[in-house]
file my_file_26.csv (CSV, C-alpha atoms and all ligand atoms)
chain,number,residue,atom,x,y,z
X,53,MET,CA,0.0,0.0,0.0
X,54,THR,CA,2.7,2.4,1.0
X,55,GLU,CA,4.5,1.8,-2.3
X,56,MET,CA,1.3,2.5,-4.3
X,57,PHE,CA,0.7,5.8,-2.5
X,58,SER,CA,4.3,6.9,-2.9
X,59,GLN,CA,4.0,6.2,-6.6
X,60,LEU,CA,0.8,8.3,-6.8
X,61,SER,CA,2.6,11.1,-4.8
X,62,THR,CA,5.6,11.2,-7.1
X,63,ASN,CA,3.7,13.2,-9.7
X,64,ASN,CA,0.7,14.1,-7.5
X,65,HIS,CA,-1.9,11.8,-9.1
X,66,GLU,CA,-5.4,12.3,-7.8
X,67,GLU,CA,-6.9,8.9,-8.1
X,68,ILE,CA,-6.5,5.4,-9.5
X,69,VAL,CA,-9.3,3.0,-10.1
X,70,PHE,CA,-8.9,-0.7,-10.5
X,71,CYS,CA,-11.7,-2.4,-12.5
X,72,ASN,CA,-12.0,-6.2,-12.2
X,73,ASP,CA,-14.7,-8.5,-13.8
X,74,ASP,CA,-14.2,-12.2,-13.9
X,75,GLU,CA,-17.1,-12.8,-16.2
X,76,THR,CA,-15.6,-10.8,-19.1
X,77,GLY,CA,-12.0,-11.1,-18.1
X,78,LEU,CA,-11.7,-7.3,-17.7
X,79,LYS,CA,-8.7,-6.1,-15.8
X,80,ALA,CA,-8.4,-2.3,-16.2
X,81,ILE,CA,-6.7,0.6,-14.5
X,82,ILE,CA,-8.0,4.2,-14.8
X,83,ALA,CA,-5.5,6.8,-13.6
X,84,ILE,CA,-6.7,10.4,-13.1
X,85,HIS,CA,-3.8,12.7,-12.8
X,86,ASN,CA,-5.2,16.2,-12.4
X,87,THR,CA,-8.6,17.7,-12.8
X,88,VAL,CA,-8.0,21.4,-12.1
X,89,LEU,CA,-8.8,22.4,-15.6
X,90,GLY,CA,-11.7,20.0,-16.2
X,91,PRO,CA,-12.6,16.3,-16.3
X,92,GLY,CA,-9.6,14.0,-17.1
X,93,LEU,CA,-9.7,12.9,-20.8
X,94,GLY,CA,-7.4,10.2,-22.2
X,95,GLY,CA,-7.7,7.2,-24.3
X,96,THR,CA,-7.9,3.5,-23.3
X,97,ARG,CA,-4.9,1.4,-24.3
X,98,ILE,CA,-5.1,-2.4,-24.4
X,99,TRP,CA,-1.7,-4.0,-23.9
X,100,ASN,CA,-0.3,-7.3,-22.9
X,101,TYR,CA,1.9,-6.0,-20.1
X,102,GLU,CA,4.5,-8.4,-18.6
X,103,ASN,CA,3.3,-7.6,-15.1
X,104,GLU,CA,0.9,-5.4,-13.2
X,105,ALA,CA,3.6,-3.0,-12.1
X,106,ASP,CA,4.4,-2.2,-15.8
X,107,ALA,CA,0.7,-1.5,-16.4
X,108,ILE,CA,0.5,0.8,-13.4
X,109,ASN,CA,3.7,2.7,-14.5
X,110,ASP,CA,2.4,3.1,-18.0
X,111,VAL,CA,-1.0,4.4,-17.0
X,112,LEU,CA,0.5,6.9,-14.4
X,113,ARG,CA,3.0,8.2,-17.0
X,114,LEU,CA,0.4,8.5,-19.8
X,115,SER,CA,-2.2,10.2,-17.6
X,116,ARG,CA,0.3,12.8,-16.5
X,117,GLY,CA,1.2,13.5,-20.1
X,118,MET,CA,-2.5,14.1,-20.9
X,119,THR,CA,-2.6,16.8,-18.2
X,120,TYR,CA,0.2,18.8,-19.9
X,121,LYS,CA,-1.2,18.2,-23.4
X,122,ALA,CA,-4.6,19.6,-22.5
X,123,SER,CA,-3.2,22.5,-20.5
X,124,ILE,CA,-0.8,23.7,-23.1
X,125,SER,CA,-3.5,23.4,-25.8
X,126,GLY,CA,-5.8,25.8,-23.8
X,127,LEU,CA,-8.4,23.1,-23.2
X,128,ASN,CA,-10.6,22.9,-20.2
X,129,LEU,CA,-9.6,19.3,-19.6
X,130,GLY,CA,-7.6,17.5,-17.0
X,131,GLY,CA,-5.3,14.5,-17.6
X,132,ALA,CA,-6.3,10.8,-17.3
X,133,LYS,CA,-5.7,7.6,-19.1
X,134,ALA,CA,-6.8,3.9,-18.9
X,135,VAL,CA,-5.2,0.6,-19.7
X,136,ILE,CA,-6.8,-2.7,-20.1
X,137,ILE,CA,-4.4,-5.6,-19.4
X,138,GLY,CA,-4.3,-8.4,-22.0
X,139,ASP,CA,-3.8,-9.3,-25.7
X,140,SER,CA,-6.4,-7.3,-27.5
X,141,LYS,CA,-6.8,-10.0,-30.1
X,142,LYS,CA,-7.8,-12.5,-27.5
X,143,ILE,CA,-9.7,-10.6,-24.8
X,144,LYS,CA,-11.6,-7.9,-26.6
X,145,THR,CA,-15.3,-8.5,-26.8
X,146,GLU,CA,-18.5,-6.4,-26.8
X,147,ALA,CA,-19.2,-7.5,-23.2
X,148,LEU,CA,-15.7,-6.5,-22.0
X,149,MET,CA,-15.9,-3.1,-23.5
X,150,ARG,CA,-19.4,-2.5,-22.2
X,151,LYS,CA,-18.4,-3.6,-18.7
X,152,PHE,CA,-15.5,-1.2,-18.9
X,153,GLY,CA,-18.1,1.5,-19.9
X,154,ARG,CA,-20.0,0.8,-16.7
X,155,PHE,CA,-16.9,1.4,-14.6
X,156,ILE,CA,-16.4,4.7,-16.4
X,157,LYS,CA,-20.1,5.6,-15.8
X,158,ASN,CA,-19.5,5.2,-12.1
X,159,LEU,CA,-16.9,7.9,-12.2
X,160,ASN,CA,-19.7,10.4,-13.1
X,161,GLY,CA,-17.8,12.3,-15.8
X,162,LYS,CA,-14.6,12.7,-13.9
X,163,TYR,CA,-13.0,10.5,-16.6
X,164,ILE,CA,-13.8,10.6,-20.3
X,165,THR,CA,-12.3,7.9,-22.5
X,166,ALA,CA,-11.4,7.7,-26.2
X,167,GLU,CA,-9.4,5.4,-28.5
X,168,ASP,CA,-5.8,4.6,-28.1
X,169,VAL,CA,-3.4,1.8,-29.0
X,170,ASN,CA,-5.5,-1.4,-29.8
X,171,THR,CA,-8.9,0.3,-29.3
X,172,THR,CA,-11.1,1.5,-32.2
X,173,THR,CA,-14.1,3.7,-32.8
X,174,GLN,CA,-16.1,0.4,-32.8
X,175,ASP,CA,-14.9,-0.2,-29.2
X,176,MET,CA,-15.9,3.3,-28.2
X,177,GLU,CA,-19.4,2.6,-29.6
X,178,TYR,CA,-19.7,-0.3,-27.2
X,179,VAL,CA,-18.5,1.9,-24.3
X,180,ALA,CA,-21.1,4.5,-25.4
X,181,MET,CA,-23.8,1.9,-24.9
X,182,GLU,CA,-23.1,2.1,-21.2
X,183,THR,CA,-21.9,5.7,-20.6
X,184,LYS,CA,-22.0,9.1,-22.2
X,185,HIS,CA,-18.4,9.8,-21.0
X,186,VAL,CA,-16.7,8.7,-24.2
X,187,VAL,CA,-15.4,10.6,-27.3
X,188,GLY,CA,-13.8,9.5,-30.5
X,189,LEU,CA,-17.1,8.3,-31.9
X,190,PRO,CA,-17.8,7.9,-35.6
X,191,HIS,CA,-19.3,10.9,-37.5
X,192,LEU,CA,-22.6,9.1,-37.8
X,193,MET,CA,-22.9,9.1,-34.1
X,194,GLY,CA,-22.2,12.9,-33.8
X,195,GLY,CA,-18.5,12.3,-33.2
X,196,GLY,CA,-15.3,13.6,-34.8
X,197,GLY,CA,-14.2,10.4,-36.4
X,198,ASP,CA,-10.6,9.4,-36.8
X,199,PRO,CA,-8.5,12.2,-35.1
X,200,SER,CA,-5.3,11.4,-37.2
X,201,PRO,CA,-5.8,13.9,-40.0
X,202,ILE,CA,-6.2,16.7,-37.4
X,203,THR,CA,-3.2,15.5,-35.4
X,204,ALA,CA,-1.2,15.6,-38.7
X,205,TYR,CA,-2.4,19.2,-39.3
X,206,GLY,CA,-1.2,20.2,-35.8
X,207,VAL,CA,2.2,18.6,-36.4
X,208,TYR,CA,2.4,20.4,-39.7
X,209,MET,CA,1.7,23.7,-37.9
X,210,GLY,CA,4.4,22.9,-35.3
X,211,LEU,CA,6.9,21.9,-37.9
X,212,LYS,CA,6.3,25.2,-39.9
X,213,ALA,CA,6.6,27.3,-36.8
X,214,SER,CA,9.9,25.5,-36.1
X,215,ALA,CA,11.1,26.4,-39.6
X,216,LYS,CA,10.1,30.0,-39.0
X,217,PHE,CA,12.2,30.0,-35.8
X,218,VAL,CA,15.2,28.4,-37.3
X,219,PHE,CA,15.3,29.6,-40.9
X,220,GLY,CA,13.5,33.0,-40.5
X,221,ASN,CA,10.5,32.0,-42.6
X,222,ASP,CA,8.1,29.1,-42.5
X,223,SER,CA,8.3,27.9,-46.1
X,224,ILE,CA,9.4,24.3,-46.3
X,225,ALA,CA,9.7,24.2,-50.1
X,226,GLY,CA,13.0,22.6,-51.0
X,227,LYS,CA,13.7,21.5,-47.4
X,228,LYS,CA,14.9,18.0,-46.8
X,229,ILE,CA,12.5,16.3,-44.4
X,230,ALA,CA,12.4,12.7,-43.2
X,231,ILE,CA,9.4,11.0,-41.6
X,232,GLN,CA,9.9,7.9,-39.6
X,233,GLY,CA,6.5,6.0,-39.7
X,234,VAL,CA,4.1,6.8,-42.5
X,235,GLY,CA,1.0,5.4,-40.7
X,236,LYS,CA,-2.2,7.3,-40.0
X,237,VAL,CA,-0.5,10.6,-38.9
X,238,GLY,CA,2.8,10.3,-40.8
X,239,GLY,CA,0.9,9.6,-44.0
X,240,HIS,CA,-1.3,12.7,-43.7
X,241,LEU,CA,1.7,14.8,-42.7
X,242,LEU,CA,3.6,13.6,-45.8
X,243,GLU,CA,0.8,14.9,-48.0
X,244,TYR,CA,1.0,18.4,-46.5
X,245,LEU,CA,4.7,18.5,-46.9
X,246,HIS,CA,4.6,17.2,-50.5
X,247,LYS,CA,2.0,19.9,-51.4
X,248,GLU,CA,4.5,22.5,-50.2
X,249,GLY,CA,7.3,21.1,-52.3
X,250,ALA,CA,9.5,19.5,-49.6
X,251,ILE,CA,12.1,16.9,-50.5
X,252,LEU,CA,10.9,13.8,-48.7
X,253,PHE,CA,12.5,10.7,-47.1
X,254,ILE,CA,10.5,8.0,-45.4
X,255,SER,CA,11.1,4.9,-43.4
X,256,ASP,CA,8.6,2.3,-42.0
X,257,ILE,CA,8.4,-1.4,-41.3
X,258,ASN,CA,5.3,-1.6,-43.5
X,259,GLU,CA,6.5,-2.3,-47.0
X,260,GLY,CA,3.1,-1.5,-48.5
X,261,ALA,CA,3.0,2.0,-47.0
X,262,LEU,CA,6.6,2.7,-48.3
X,263,LYS,CA,5.7,1.5,-51.8
X,264,HIS,CA,2.5,3.6,-51.8
X,265,TYR,CA,4.1,6.9,-50.8
X,266,SER,CA,7.3,6.5,-52.9
X,267,LYS,CA,5.0,5.9,-55.9
X,268,GLU,CA,2.4,8.5,-55.2
X,269,LEU,CA,4.5,11.3,-53.7
X,270,GLY,CA,8.0,10.5,-54.9
X,271,ALA,CA,9.3,10.1,-51.4
X,272,THR,CA,12.7,8.4,-51.1
X,273,VAL,CA,12.7,5.2,-49.0
X,274,VAL,CA,15.3,4.9,-46.3
X,275,ASN,CA,16.3,1.7,-44.5
X,276,GLY,CA,15.4,1.5,-40.8
X,277,GLU,CA,18.0,3.1,-38.6
X,278,ASP,CA,19.7,4.9,-41.5
X,279,ILE,CA,17.0,7.6,-41.1
X,280,PHE,CA,18.9,9.1,-38.1
X,281,GLY,CA,22.1,9.8,-39.9
X,282,LEU,CA,20.6,11.5,-43.0
X,283,ASP,CA,21.7,15.0,-44.0
X,284,LEU,CA,18.4,16.8,-43.3
X,285,ASP,CA,16.7,20.0,-42.5
X,286,ILE,CA,13.9,18.4,-40.5
X,287,PHE,CA,13.4,15.0,-38.8
X,288,ALA,CA,9.8,14.0,-38.0
X,289,PRO,CA,9.4,11.0,-35.8
X,290,CYS,CA,5.9,9.6,-36.3
X,291,ALA,CA,6.2,6.0,-35.2
X,292,LEU,CA,7.7,5.1,-31.8
X,293,GLY,CA,8.4,6.7,-28.5
X,294,ALA,CA,11.9,7.1,-27.0
X,295,VAL,CA,13.6,7.5,-30.4
X,296,LEU,CA,15.5,10.6,-29.1
X,297,ASN,CA,18.0,8.7,-27.1
X,298,THR,CA,21.8,9.3,-26.7
X,299,GLU,CA,22.8,7.0,-29.6
X,300,ASN,CA,20.3,8.4,-32.1
X,301,ILE,CA,20.8,12.0,-31.1
X,302,ASN,CA,24.5,11.5,-31.7
X,303,LYS,CA,23.7,10.4,-35.3
X,304,LEU,CA,21.2,13.2,-36.0
X,305,ASN,CA,22.3,15.7,-38.7
X,306,CYS,CA,19.3,18.1,-38.9
X,307,LYS,CA,18.3,21.5,-37.7
X,308,ILE,CA,14.8,20.6,-36.4
X,309,VAL,CA,13.0,17.6,-34.8
X,310,ALA,CA,9.2,17.9,-35.1
X,311,GLY,CA,7.0,14.9,-35.2
X,312,ALA,CA,3.8,13.2,-33.9
X,313,ALA,CA,5.2,10.3,-31.8
X,314,ASN,CA,4.4,10.4,-28.1
X,315,ASN,CA,7.2,10.6,-25.6
X,316,GLN,CA,10.0,11.0,-28.1
X,317,LEU,CA,12.6,12.0,-25.6
X,318,ALA,CA,14.0,8.8,-23.9
X,319,ASP,CA,14.8,11.0,-20.8
X,320,GLU,CA,13.2,14.4,-20.9
X,321,ASN,CA,16.0,16.3,-19.2
X,322,VAL,CA,19.0,14.4,-20.5
X,323,HIS,CA,17.9,14.3,-24.1
X,324,GLY,CA,16.1,17.7,-24.1
X,325,THR,CA,19.4,19.3,-23.0
X,326,MET,CA,21.4,17.2,-25.5
X,327,LEU,CA,19.4,18.4,-28.4
X,328,MET,CA,19.7,22.0,-27.3
X,329,LYS,CA,23.5,21.7,-27.0
X,330,LYS,CA,23.6,20.2,-30.4
X,331,GLY,CA,21.8,23.2,-31.8
X,332,ILE,CA,18.7,21.2,-32.9
X,333,ALA,CA,15.3,22.9,-32.4
X,334,TYR,CA,13.0,20.4,-30.8
X,335,ALA,CA,9.2,21.0,-31.1
X,336,PRO,CA,7.8,19.3,-27.9
X,337,ASP,CA,5.7,16.3,-29.0
X,338,PHE,CA,2.9,16.8,-26.5
X,339,LEU,CA,2.3,20.3,-27.9
X,340,ILE,CA,2.5,19.6,-31.6
X,341,ASN,CA,0.6,16.3,-31.6
X,342,ALA,CA,-2.3,17.7,-29.6
X,343,GLY,CA,-4.6,18.1,-32.7
X,344,GLY,CA,-6.3,14.8,-31.9
X,345,LEU,CA,-7.1,15.8,-28.4
X,346,ILE,CA,-8.3,19.2,-29.6
X,347,ASN,CA,-10.6,17.3,-31.9
X,348,VAL,CA,-12.1,15.0,-29.3
X,349,TYR,CA,-12.5,18.0,-26.9
X,350,GLN,CA,-14.6,19.7,-29.5
X,351,GLU,CA,-16.6,16.5,-29.7
X,352,TYR,CA,-17.2,16.7,-25.9
X,353,ILE,CA,-18.5,20.2,-26.1
X,354,GLY,CA,-20.4,19.9,-29.4
X,355,TYR,CA,-18.6,18.8,-32.5
X,356,ASN,CA,-17.6,21.5,-35.1
X,357,ARG,CA,-14.7,20.5,-37.3
X,358,GLU,CA,-13.9,24.1,-38.4
X,359,ILE,CA,-13.4,25.1,-34.8
X,360,ALA,CA,-11.3,22.1,-34.1
X,361,MET,CA,-9.1,23.0,-37.1
X,362,ASN,CA,-8.8,26.6,-36.0
X,363,ASN,CA,-7.8,25.7,-32.5
X,364,THR,CA,-5.3,23.2,-33.9
X,365,GLU,CA,-3.8,26.0,-36.0
X,366,LYS,CA,-2.9,27.8,-32.8
X,367,ILE,CA,-0.2,25.2,-32.2
X,368,TYR,CA,1.9,27.3,-34.6
X,369,ASP,CA,1.9,30.4,-32.2
X,370,THR,CA,2.4,28.2,-29.1
X,371,THR,CA,5.4,26.5,-30.7
X,372,LEU,CA,6.9,29.9,-31.4
X,373,ALA,CA,6.2,31.1,-27.8
X,374,ILE,CA,8.0,28.0,-26.5
X,375,PHE,CA,11.1,28.6,-28.6
X,376,ALA,CA,11.1,32.2,-27.4
X,377,LYS,CA,10.9,31.1,-23.8
X,378,SER,CA,13.5,28.4,-24.2
X,379,GLN,CA,15.9,31.0,-25.8
X,380,ALA,CA,15.2,33.7,-23.2
X,381,GLU,CA,15.6,31.5,-20.2
X,382,ASN,CA,18.3,29.2,-21.7
X,383,ILE,CA,16.2,26.0,-21.0
X,384,HIS,CA,15.4,23.2,-23.3
X,385,THR,CA,12.1,23.4,-25.1
X,386,GLN,CA,10.5,20.4,-23.3
X,387,LYS,CA,11.1,22.2,-20.0
X,388,ALA,CA,9.7,25.4,-21.4
X,389,ALA,CA,6.6,23.7,-22.6
X,390,THR,CA,6.1,21.8,-19.3
X,391,GLU,CA,6.4,25.1,-17.4
X,392,LEU,CA,3.9,26.9,-19.6
X,393,ALA,CA,1.4,24.0,-19.0
X,394,GLU,CA,2.0,24.0,-15.3
X,395,ASN,CA,1.7,27.8,-15.1
X,396,ARG,CA,-1.8,27.6,-16.7
X,397,ILE,CA,-2.9,25.0,-14.2
X,398,ASN,CA,-1.6,27.0,-11.3
X,399,ALA,CA,-3.3,30.2,-12.5
X,400,ILE,CA,-6.7,28.5,-12.9
X,401,LEU,CA,-6.3,26.8,-9.6
X,402,LYS,CA,-6.1,30.2,-7.9
X,403,LEU,CA,-9.1,31.5,-9.8
X,404,LYS,CA,-11.2,28.8,-8.1
X,405,SER,CA,-10.4,30.3,-4.7
X,406,THR,CA,-13.5,32.6,-5.3
X,407,TYR,CA,-16.9,30.9,-5.4
I,501,LIG,P1,0.0,4.2,-36.8
I,501,LIG,O1,0.2,2.9,-36.2
I,501,LIG,O2,-1.0,4.4,-37.9
I,501,LIG,O3,1.4,4.5,-37.6
I,501,LIG,C1,2.7,4.2,-37.0
I,501,LIG,C2,3.6,3.8,-38.2
I,501,LIG,O4,4.9,3.6,-37.7
I,501,LIG,C3,3.1,2.5,-38.9
I,501,LIG,O5,3.0,2.6,-40.3
I,501,LIG,C4,4.2,1.5,-38.5
I,501,LIG,O6,4.4,0.5,-39.4
I,501,LIG,C5,5.4,2.4,-38.3
I,501,LIG,N1,6.5,1.8,-37.5
I,501,LIG,C6,6.4,1.0,-36.4
I,501,LIG,N2,7.6,0.7,-36.0
I,501,LIG,C7,8.5,1.4,-36.8
I,501,LIG,C8,9.9,1.5,-36.9
I,501,LIG,N3,10.7,0.8,-36.1
I,501,LIG,N4,10.5,2.2,-37.9
I,501,LIG,C9,9.7,2.9,-38.8
I,501,LIG,N5,8.3,2.8,-38.8
I,501,LIG,C10,7.8,2.1,-37.8
I,501,LIG,O7,0.0,5.2,-35.7
I,501,LIG,P2,-0.4,6.8,-35.8
I,501,LIG,O8,-1.8,6.9,-35.3
I,501,LIG,O9,0.0,7.3,-37.1
I,501,LIG,O10,0.5,7.4,-34.6
I,501,LIG,C11,1.9,7.6,-34.8
I,501,LIG,C12,2.5,8.2,-33.6
I,501,LIG,O11,1.8,9.4,-33.2
I,501,LIG,C13,2.3,7.3,-32.3
I,501,LIG,O12,3.4,7.4,-31.5
I,501,LIG,C14,1.1,7.9,-31.6
I,501,LIG,O13,1.1,7.6,-30.2
I,501,LIG,C15,1.3,9.3,-31.9
I,501,LIG,N6,0.0,10.1,-31.9
I,501,LIG,C16,-1.0,9.8,-32.7
I,501,LIG,C17,-2.2,10.5,-32.6
I,501,LIG,C18,-3.3,10.2,-33.5
I,501,LIG,O14,-4.3,11.0,-33.7
I,501,LIG,N7,-3.3,9.1,-34.3
I,501,LIG,C19,-2.3,11.6,-31.7
I,501,LIG,C20,-1.2,11.9,-30.9
I,501,LIG,C21,-0.1,11.1,-31.0

call {"tool": "encode", "arguments": {"input": "my_file_26.csv", "output": "structure tokens", "more": "lines below"}}
Ligand code: NAD
result
Amino acid sequence: MTEMFSQLSTNNHEEIVFCNDDETGLKAIIAIHNTVLGPGLGGTRIWNYENEADAINDVLRLSRGMTYKASISGLNLGGAKAVIIGDSKKIKTEALMRKFGRFIKNLNGKYITAEDVNTTTQDMEYVAMETKHVVGLPHLMGGGGDPSPITAYGVYMGLKASAKFVFGNDSIAGKKIAIQGVGKVGGHLLEYLHKEGAILFISDINEGALKHYSKELGATVVNGEDIFGLDLDIFAPCALGAVLNTENINKLNCKIVAGAANNQLADENVHGTMLMKKGIAYAPDFLINAGGLINVYQEYIGYNREIAMNNTEKIYDTTLAIFAKSQAENIHTQKAATELAENRINAILKLKSTY
């Protein structure tokens, strides 16, 4: 017990809920990190964790990230996340997702769920049969549909703002840009960059995607790890977390890193500082990949795609503000972004001192 509470205290998590149901096999953990700005919103991930401690660590880490992402994006949302333990191909059923929906219902709106790794809009439809505290529903149900195109638009805004900061203007025509991972977000990003005339390089483990984009958009295919050593203007990680580790940063030969992947820095302080010292402008991932969250927030308050796109566009100005803060205070950009997010939470907390 002491260990669990000390884990919650490390980053001041508010609440953790364990959901167990032998009938459906549901073993889920909902972590609510901070609800100063509003209800905690974060997707549900299904993952076959090696042990329960890994699942707890993951849900605590991810829920905290959601707090910062919502805050820096100016949303009235707190941070939360859920994980369901197990192999999604084996455990996922309508009954399991609906049972999970019932646990969410019992939180009375303090937690709102959405899709994440190994959950789909169909799963959210099942959750929605039991609770209204769910977003990421299909358009036909009044939802915002797949958030990936809007996420890609936000990454594009962050990437252009980074170009403005580094090169003096935000045109990326003729700039050499590599995308690692041309999946749902990376693929849409590639289209924006192609339209503007960038010189494109791509890597993926999915041969089909590589073939498609090299044929359709003329992108040059790069083999796996080679992507880190390319002579580039911009590197856009859109596949995996923790790619910005010591080994890969040592190889990087670019001016900017701006991509969609979550938790790109293997260690926020060590690798945020390392990038800064190497003179690489890093656009914080949790800021520039927030388009999807902005889209589901819009769904929560009444879906309007135009407003979601307009709010996502603001990522451009926030990215510039973070570079300015980082430069003025001589701190790495991840720290600058985290401080901005924390400042907003603290300011709103004080506001609530009056009824
Ligand atoms: P996706 O699964 O559609 O795409 C990921 C792509 O990366 C796939 O094509 C996959 O084959 C490729 N990949 C996997 N391992 C690779 C490797 N070692 N080298 C190169 N490519 C590899 O996922 P997505 O929805 O496009 O999300 C991409 C990233 O952005 C993830 O980190 C995700 O957490 C983050 N993100 C996504 C959204 C969203 O709206 N989808 C929002 C915020 C953050």

call {"tool": "atom_distance", "arguments": {"input": "my_file_26.csv", "atom1": "CA of Asn275 (chain X)", "atom2": "CA of Glu259 (chain X)"}}
result
10.9 Å

call {"tool": "residues_around", "arguments": {"input": "my_file_26.csv", "residues": "Val295 (chain X)", "least_positions_apart": "2", "cutoff": "6 Å", "atoms": "all atoms listed in the file", "output": "MDAnalysis selection string"}}
result
chainID X and resid 293 297 316

call {"tool": "residues_around", "arguments": {"input": "my_file_26.csv", "residues": "region 346-355 of chain X", "least_positions_apart": "4", "cutoff": "7 Å", "atoms": "all atoms listed in the file", "output": "PDB file with C-alpha atoms, in the frame of the given file"}}
result
ATOM      1  CA  VAL X 187     -15.400  10.600 -27.300  1.00  0.00           C
ATOM      2  CA  GLY X 188     -13.800   9.500 -30.500  1.00  0.00           C
ATOM      3  CA  GLY X 195     -18.500  12.300 -33.200  1.00  0.00           C
ATOM      4  CA  GLY X 196     -15.300  13.600 -34.800  1.00  0.00           C
ATOM      5  CA  PRO X 199      -8.500  12.200 -35.100  1.00  0.00           C
ATOM      6  CA  ALA X 342      -2.300  17.700 -29.600  1.00  0.00           C
ATOM      7  CA  ALA X 360     -11.300  22.100 -34.100  1.00  0.00           C
ATOM      8  CA  THR X 364      -5.300  23.200 -33.900  1.00  0.00           C
TER       9      THR X 364
END

call {"tool": "closest_atom_pairs", "arguments": {"input": "my_file_26.csv", "of": "chain X", "to": "ligand LIG 501 (chain I)", "cutoff": "7 Å", "atoms": "all atoms listed in the file", "output": "Markdown table"}}
result
| residue | atom | partner | partner_atom | distance |
| --- | --- | --- | --- | --- |
| X:Pro199 | CA | I:LIG501 | O14 | 4.6 |
| X:Ser200 | CA | I:LIG501 | O14 | 3.7 |
| X:Thr203 | CA | I:LIG501 | O14 | 4.9 |
| X:Gln232 | CA | I:LIG501 | C9 | 5.1 |
| X:Gly233 | CA | I:LIG501 | O4 | 3.5 |
| X:Val234 | CA | I:LIG501 | O5 | 4.9 |
| X:Gly235 | CA | I:LIG501 | O3 | 3.3 |
| X:Lys236 | CA | I:LIG501 | O9 | 3.6 |
| X:Val237 | CA | I:LIG501 | O9 | 3.8 |
| X:Gly238 | CA | I:LIG501 | O9 | 5.5 |
| X:Ser255 | CA | I:LIG501 | C9 | 5.2 |
| X:Asp256 | CA | I:LIG501 | N5 | 3.3 |
| X:Ile257 | CA | I:LIG501 | O6 | 4.8 |
| X:Asn258 | CA | I:LIG501 | O6 | 4.7 |
| X:Ala261 | CA | I:LIG501 | O5 | 6.7 |
| X:Gly276 | CA | I:LIG501 | N4 | 5.7 |
| X:Cys290 | CA | I:LIG501 | C12 | 4.6 |
| X:Ala291 | CA | I:LIG501 | O4 | 3.7 |
| X:Leu292 | CA | I:LIG501 | O12 | 4.9 |
| X:Gly293 | CA | I:LIG501 | O12 | 5.9 |
| X:Ala312 | CA | I:LIG501 | O11 | 4.4 |
| X:Ala313 | CA | I:LIG501 | O12 | 3.4 |
| X:Asn314 | CA | I:LIG501 | O12 | 4.6 |
| X:Asn341 | CA | I:LIG501 | C20 | 4.8 |
| X:Ala342 | CA | I:LIG501 | C20 | 6.0 |
| X:Gly343 | CA | I:LIG501 | C19 | 7.0 |
| X:Gly344 | CA | I:LIG501 | O14 | 4.7 |

call {"tool": "closest_atom_pairs", "arguments": {"input": "my_file_26.csv", "of": "region 91-114 of chain X", "to": "region 152-167 of chain X", "cutoff": "8 Å", "atoms": "only C-alpha atoms", "output": "CSV"}}
result
residue,atom,partner,partner_atom,distance
X:Pro91,CA,X:Lys162,CA,4.8
X:Gly92,CA,X:Tyr163,CA,4.9
X:Leu93,CA,X:Ile164,CA,4.7
X:Gly94,CA,X:Thr165,CA,5.4
X:Gly95,CA,X:Ala166,CA,4.2
X:Thr96,CA,X:Glu167,CA,5.7
X:Arg97,CA,X:Glu167,CA,7.3

call {"tool": "residues_around", "arguments": {"input": "my_file_26.csv", "residues": "Asn300 (chain X)", "least_positions_apart": "6", "cutoff": "9 Å", "atoms": "all atoms listed in the file", "output": "PyMOL selection string"}}
result
chain X and resi 277+280-281

call {"tool": "residues_around", "arguments": {"input": "my_file_26.csv", "residues": "region 53-67 of chain X", "least_positions_apart": "3", "cutoff": "8 Å", "atoms": "only C-alpha atoms", "output": "PyMOL selection string"}}
result
chain X and resi 83-86+112+116

call {"tool": "write_last_selection", "arguments": {"input": "my_file_26.csv", "atoms": "C-alpha atoms", "output": "compact mmCIF listing (two decimals), keeping the file's coordinate frame"}}
result
# COMPACT_ATOMS: atom_id res chain seq x y z
CA ALA X 83 -5.50 6.80 -13.60
CA ILE X 84 -6.70 10.40 -13.10
CA HIS X 85 -3.80 12.70 -12.80
CA ASN X 86 -5.20 16.20 -12.40
CA LEU X 112 0.50 6.90 -14.40
CA ARG X 116 0.30 12.80 -16.50

call {"tool": "atom_distance", "arguments": {"input": "my_file_26.csv", "atom1": "CA of Glu75 (chain X)", "atom2": "CA of Lys151 (chain X)"}}
result
9.6 Å

call {"tool": "atom_distance", "arguments": {"input": "my_file_26.csv", "atom1": "CA of Gln379 (chain X)", "atom2": "CA of Leu392 (chain X)"}}
result
14.1 Å

call {"tool": "closest_residue", "arguments": {"input": "my_file_26.csv", "among": "X:Phe219, X:Tyr334, X:Tyr368, X:Phe253", "to": "Ala388 (chain X)", "atoms": "only C-alpha atoms"}}
result
X:Tyr334

call {"tool": "closest_residue", "arguments": {"input": "my_file_26.csv", "among": "X:Thr272, X:Thr145, X:Asn128, X:Asn221", "to": "Leu242 (chain X)", "atoms": "all atoms listed in the file"}}
result
X:Thr272
